[in-house]
Amino acid sequence: MEPEPEIHALLAIFRKEVGSDQIGPDDDFYAVGGDSLTALRVVARATALGMPLRLIDLLMNPSVHELAEHVRSAATGDTDPEEASGSRAQPADSLVAPEDRAAMPAGVLDALPASALQIGLIFQCEISEDPSLYHDLIGLRVTGPYDEDLFRSVLGELMRRHPTLRSSFDLGSYSESMQLFWGDVVEPLETERVGTVAEADAAVSAWRDKQLSTTLDWEHAPLFRCHVAVGPGDTFRLTVAIHHAIMDGWSFATVLVDLLTLYDARLTGTGHGLPDPPAAAAAEFVRLERAAGNSTEAAEFWRAQCDVPPLLDRERYGRPANTFGRRASVLPPGLFAELRARAAEARVPLKNLLLAVHCWALGRIAGRTTDVVTGVVVNGRPEMPDVDRVVGLFLNTLPLRLTSTSGTWAELARTLREAEVAAAPYQRHPLALIEEYLGRRSFDVAFNFTDFHVYRRLSELGALSADGWWDRDKASHPMSCDFTLDYPGFGSGLLISFDPHLVTEEQVEEYIALAVGGLRAAARDVHSTGTESHDG
């Protein structure tokens, strides 16, 4: 492929996936709105056109011109095509010992070794003895007809589409911990019919409280539940409870969108238009995680990232944190648009600008101007077409170190960007191994940024509409800071969960004030400093 066709093809892919015709060949993909999930689609589409890429190639060559040059260099070099394309997916059979597979009970269609994160989450839940830990619920009000038999049929179709919804865990019967995928699992649907809105609200609250106080049985599928409270008129309250060990937040959103899309298609008699998710994604994730876990280079890299004094007094906690404290700060969507523009001006992704403000605020409440370490949630989905449609747990949370909080917002964001690029080859290294090396937690506060654009697909429904969203979740970090964009029922802003016994309410309020002030300051002038904005 000649240079001009390469540039033309990559530019078309960038514009399609980011959703902007204004992207030029020198624009940074991440700075103009690309994220880890759209990057996966870019990589898959480019590879399908004969330009084999990996996510790290796009991360290190984020403009069309840079990426085209990388493609040309790879084509004339001695790069292994299989290595370059990342197309090394292996069947689950290659990951499960033959003796383990032979011992599987009747009814199990497939199995995979449980990932390090899955085992870690289950372990945290067991030692905490808290049934609400990592037990996530999302509820909403649906306007449209409710047909219980039809809805149950659609729920079954959803479970066939996403195997993890038919899974359980066995942590002791085989040579290693296993996630088992069953063929025949009864749809976990409860329906209540009530006469008033108040009764519907009460039914939802009672079911939610029951779920959060009930310990899940890991050995029996399914590890999710669905409740419908049918109210007056053509409305019903839908609540879904899922344990985090089987899926991440993006997957949970995908489950809800797919469920309503499938039900809407049945009601309207039209096709649902949902592409089949790649079947090998979960097995490939496990394979990649194992390869990363065996890397001594990765182990040394992460040890250096977090081998600094802690932000919190770690002697105060040895068990999973009880993060029942919650704070929220809603910010206007226009502020995030301004921040995205300032991030593009600094040639960094929006995420890195938010992370810069987060680390600066975290340093202020900890009284530290150097060596601020925070956990950062990263996406570990394998590089496959339509992998963003797969439902499962594809995350890792890794320590990232900001050596100094001095500098402008742009400088801090660029420093963190460089740190993330340096960490990219090692981002699948399991957090559990990092903390095993250290003999302690590797960070005290976690950071996450999510653009919930998957929910925008609900606007395309014909017979249904959704509103009245709410959610409940609980993690085991002493403090978690979630920067969200277009989260249903909340909007755009900052969500904080924390353990009041480990992080005081005063510290949380101070962090929020600093973070919100820093965001507004960076939106005004990305070349100003945190000290200037704080003093002002």
# chains A, B, ... in the order shown; residues from 1 in each chain; ligands from 1
>>> residues_around(residues="Phe14 (chain A)", least_positions_apart="2", cutoff="9 Å", atoms="only C-alpha atoms", output="list in words")
Ala9, Leu10, Leu11, Ala12, Lys16, Glu17, Val18, Gly19, Ser20, Asp21, Ile23, Phe29, Gly34, Ala39, Val42 and Val64 of chain A
>>> residues_around(residues="region 356-370 of chain A", least_positions_apart="3", cutoff="8 Å", atoms="only C-alpha atoms", output="list in words")
Leu311, Leu312, Asn352, Leu353, Val373, Thr374, Leu402, Thr403, Ser404, Thr405, Ser406, Trp409, Leu412, Ala413, Leu416, Phe447, Gln507, Glu510, Tyr511, Leu514, Ala515, Gly518, Leu519 and Gly530 of chain A
>>> write_last_selection(atoms="C-alpha atoms", output="CSV table (one decimal), in the first residue's frame")
chain,number,residue,atom,x,y,z
A,311,LEU,CA,-0.4,8.4,51.2
A,312,LEU,CA,-2.5,6.9,54.0
A,352,ASN,CA,-4.6,12.4,31.3
A,353,LEU,CA,-5.7,16.0,32.1
A,373,VAL,CA,0.9,7.2,43.5
A,374,THR,CA,-2.6,6.4,42.6
A,402,LEU,CA,3.7,11.2,39.5
A,403,THR,CA,7.1,12.2,40.6
A,404,SER,CA,6.2,15.9,41.2
A,405,THR,CA,3.0,17.9,41.3
A,406,SER,CA,4.9,21.1,40.3
A,409,TRP,CA,-1.7,21.3,34.0
A,412,LEU,CA,1.5,17.4,34.5
A,413,ALA,CA,-0.8,15.8,31.9
A,416,LEU,CA,1.3,11.3,33.1
A,447,PHE,CA,-8.8,6.7,39.7
A,507,GLN,CA,-10.3,14.9,53.5
A,510,GLU,CA,-11.2,18.9,50.6
A,511,TYR,CA,-10.3,16.6,47.7
A,514,LEU,CA,-9.5,20.9,45.0
A,515,ALA,CA,-10.4,18.6,42.1
A,518,GLY,CA,-8.5,22.3,39.4
A,519,LEU,CA,-10.8,21.1,36.6
A,530,GLY,CA,-2.4,24.2,40.4
>>> residues_around(residues="Ser329 (chain A)", least_positions_apart="4", cutoff="8 Å", atoms="only C-alpha atoms", output="PyMOL selection string")
chain A and resi 493-495+512
>>> closest_residue(among="A:Gly380, A:Pro52, A:Pro320, A:Gly489", to="Asp444 (chain A)", atoms="only C-alpha atoms")
A:Pro320
>>> residues_around(residues="Ala419 (chain A)", least_positions_apart="2", cutoff="12 Å", atoms="only C-alpha atoms", output="list in words")
Leu59, Met60, Phe301, Trp302, Gln305, Asn352, Leu355, Ala356, Val373, Val376, Leu398, Pro399, Leu400, Arg401, Leu402, Thr403, Leu412, Ala413, Arg414, Thr415, Leu416, Arg417, Val421, Ala422, Ala423, Ala424, Pro425, Tyr426 and Gln427 of chain A
>>> write_last_selection(atoms="N, CA and C atoms", output="mmCIF file, in the first residue's frame")
data_model
loop_
_atom_site.group_PDB
_atom_site.id
_atom_site.type_symbol
_atom_site.label_atom_id
_atom_site.label_comp_id
_atom_site.auth_asym_id
_atom_site.auth_seq_id
_atom_site.Cartn_x
_atom_site.Cartn_y
_atom_site.Cartn_z
ATOM 1 N N LEU A 59 -0.869 3.739 20.562
ATOM 2 C CA LEU A 59 -0.536 4.553 21.730
ATOM 3 C C LEU A 59 0.759 5.329 21.509
ATOM 4 N N MET A 60 1.731 4.688 20.886
ATOM 5 C CA MET A 60 3.041 5.320 20.696
ATOM 6 C C MET A 60 3.130 6.113 19.394
ATOM 7 N N PHE A 301 9.299 -3.166 36.809
ATOM 8 C CA PHE A 301 8.727 -1.868 36.438
ATOM 9 C C PHE A 301 7.702 -1.420 37.468
ATOM 10 N N TRP A 302 6.789 -2.312 37.843
ATOM 11 C CA TRP A 302 5.722 -1.912 38.748
ATOM 12 C C TRP A 302 6.229 -1.730 40.175
ATOM 13 N N GLN A 305 7.360 1.717 40.375
ATOM 14 C CA GLN A 305 6.274 2.695 40.328
ATOM 15 C C GLN A 305 5.707 2.997 41.707
ATOM 16 N N ASN A 352 -5.822 12.010 30.679
ATOM 17 C CA ASN A 352 -4.584 12.419 31.338
ATOM 18 C C ASN A 352 -4.688 13.784 31.979
ATOM 19 N N LEU A 355 -6.527 13.063 35.131
ATOM 20 C CA LEU A 355 -5.615 12.374 36.036
ATOM 21 C C LEU A 355 -4.615 13.346 36.652
ATOM 22 N N ALA A 356 -4.189 14.351 35.883
ATOM 23 C CA ALA A 356 -3.276 15.367 36.414
ATOM 24 C C ALA A 356 -3.939 16.135 37.558
ATOM 25 N N VAL A 373 1.316 8.461 44.236
ATOM 26 C CA VAL A 373 0.946 7.221 43.547
ATOM 27 C C VAL A 373 -0.553 7.018 43.668
ATOM 28 N N VAL A 376 -4.765 3.323 38.813
ATOM 29 C CA VAL A 376 -5.463 3.742 37.601
ATOM 30 C C VAL A 376 -6.089 2.504 36.947
ATOM 31 N N LEU A 398 -3.721 -0.450 38.185
ATOM 32 C CA LEU A 398 -2.278 -0.443 38.349
ATOM 33 C C LEU A 398 -1.785 0.858 38.980
ATOM 34 N N PRO A 399 -0.719 0.795 39.754
ATOM 35 C CA PRO A 399 -0.183 2.012 40.379
ATOM 36 C C PRO A 399 0.540 2.875 39.356
ATOM 37 N N LEU A 400 0.249 4.160 39.378
ATOM 38 C CA LEU A 400 0.940 5.108 38.502
ATOM 39 C C LEU A 400 1.527 6.208 39.382
ATOM 40 N N ARG A 401 2.765 6.546 39.117
ATOM 41 C CA ARG A 401 3.508 7.467 39.990
ATOM 42 C C ARG A 401 3.753 8.792 39.284
ATOM 43 N N LEU A 402 3.328 9.876 39.929
ATOM 44 C CA LEU A 402 3.665 11.227 39.480
ATOM 45 C C LEU A 402 4.788 11.721 40.377
ATOM 46 N N THR A 403 5.961 11.911 39.803
ATOM 47 C CA THR A 403 7.138 12.232 40.618
ATOM 48 C C THR A 403 7.065 13.611 41.246
ATOM 49 N N LEU A 412 1.832 18.531 33.685
ATOM 50 C CA LEU A 412 1.496 17.363 34.504
ATOM 51 C C LEU A 412 0.808 16.297 33.658
ATOM 52 N N ALA A 413 -0.122 16.723 32.794
ATOM 53 C CA ALA A 413 -0.839 15.765 31.942
ATOM 54 C C ALA A 413 0.119 15.070 30.988
ATOM 55 N N ARG A 414 1.073 15.824 30.427
ATOM 56 C CA ARG A 414 2.037 15.211 29.506
ATOM 57 C C ARG A 414 2.955 14.238 30.247
ATOM 58 N N THR A 415 3.336 14.585 31.470
ATOM 59 C CA THR A 415 4.162 13.673 32.271
ATOM 60 C C THR A 415 3.423 12.364 32.525
ATOM 61 N N LEU A 416 2.140 12.464 32.864
ATOM 62 C CA LEU A 416 1.345 11.263 33.115
ATOM 63 C C LEU A 416 1.105 10.478 31.833
ATOM 64 N N ARG A 417 0.952 11.202 30.733
ATOM 65 C CA ARG A 417 0.824 10.536 29.436
ATOM 66 C C ARG A 417 2.076 9.708 29.136
ATOM 67 N N VAL A 421 2.382 5.646 28.637
ATOM 68 C CA VAL A 421 2.995 5.037 27.452
ATOM 69 C C VAL A 421 4.108 4.081 27.880
ATOM 70 N N ALA A 422 4.910 4.508 28.850
ATOM 71 C CA ALA A 422 5.985 3.642 29.345
ATOM 72 C C ALA A 422 5.424 2.379 29.998
ATOM 73 N N ALA A 423 4.244 2.496 30.622
ATOM 74 C CA ALA A 423 3.646 1.356 31.327
ATOM 75 C C ALA A 423 2.870 0.430 30.411
ATOM 76 N N ALA A 424 2.528 0.899 29.214
ATOM 77 C CA ALA A 424 1.652 0.140 28.321
ATOM 78 C C ALA A 424 2.112 -1.290 28.067
ATOM 79 N N PRO A 425 3.396 -1.556 27.840
ATOM 80 C CA PRO A 425 3.797 -2.949 27.593
ATOM 81 C C PRO A 425 3.572 -3.881 28.780
ATOM 82 N N TYR A 426 3.365 -3.309 29.969
ATOM 83 C CA TYR A 426 3.263 -4.110 31.188
ATOM 84 C C TYR A 426 1.877 -4.038 31.833
ATOM 85 N N GLN A 427 0.896 -3.467 31.150
ATOM 86 C CA GLN A 427 -0.364 -3.158 31.826
ATOM 87 C C GLN A 427 -1.230 -4.389 32.119
#
>>> residues_around(residues="Pro382 (chain A)", least_positions_apart="2", cutoff="9 Å", atoms="only C-alpha atoms", output="number ranges by chain")
A: 40, 86, 89, 281-282, 284-285, 288, 380, 384, 387, 394
>>> select_by_dssp(residues="region 135-332 of chain A", states="alpha helix (DSSP H)", output="PyMOL selection string")
chain A and resi 148-161+197-212+249-268+281-293+296-306
>>> residues_around(residues="Pro113 (chain A)", least_positions_apart="3", cutoff="10 Å", atoms="only C-alpha atoms", output="list in words")
Ala92, Leu95, Val96, Ala97, Ala116, Gln118, Ile119, Phe169, Asp170, Leu171, Tyr174, Ser175, Glu176, Ser177, Met178, Gln179, Leu180, Ala283, Val286 and Arg287 of chain A
>>> closest_residue(among="A:Leu335, A:His501, A:Thr191, A:Ser213", to="Gly517 (chain A)", atoms="only C-alpha atoms")
A:Leu335
>>> residues_around(residues="Ser167 (chain A)", least_positions_apart="5", cutoff="8 Å", atoms="only C-alpha atoms", output="list in words")
Gln179, Leu180, Phe181, Trp182, His220, Ala221, Pro222, Leu223 and Ile246 of chain A
>>> write_last_selection(atoms="C-alpha atoms", output="mmCIF file, in the first residue's frame")
data_model
loop_
_atom_site.group_PDB
_atom_site.id
_atom_site.type_symbol
_atom_site.label_atom_id
_atom_site.label_comp_id
_atom_site.auth_asym_id
_atom_site.auth_seq_id
_atom_site.Cartn_x
_atom_site.Cartn_y
_atom_site.Cartn_z
ATOM 1 C CA GLN A 179 -14.688 -20.243 35.691
ATOM 2 C CA LEU A 180 -17.261 -22.719 34.362
ATOM 3 C CA PHE A 181 -19.690 -21.846 31.570
ATOM 4 C CA TRP A 182 -22.925 -23.826 31.736
ATOM 5 C CA HIS A 220 -23.827 -21.996 41.228
ATOM 6 C CA ALA A 221 -24.741 -20.108 38.067
ATOM 7 C CA PRO A 222 -25.912 -17.554 37.362
ATOM 8 C CA LEU A 223 -24.099 -14.870 39.346
ATOM 9 C CA ILE A 246 -17.989 -11.793 36.147
#
>>> closest_residue(among="A:Leu433, A:Leu238, A:Ala475, A:Ile7", to="Leu140 (chain A)", atoms="only C-alpha atoms")
A:Leu238
>>> select_by_dssp(residues="region 169-225 of chain A", states="strand (DSSP E or B)", output="count of residues only")
14
>>> closest_residue(among="A:Val390, A:Leu216, A:Ala410, A:Leu37", to="Glu129 (chain A)", atoms="only C-alpha atoms")
A:Leu216
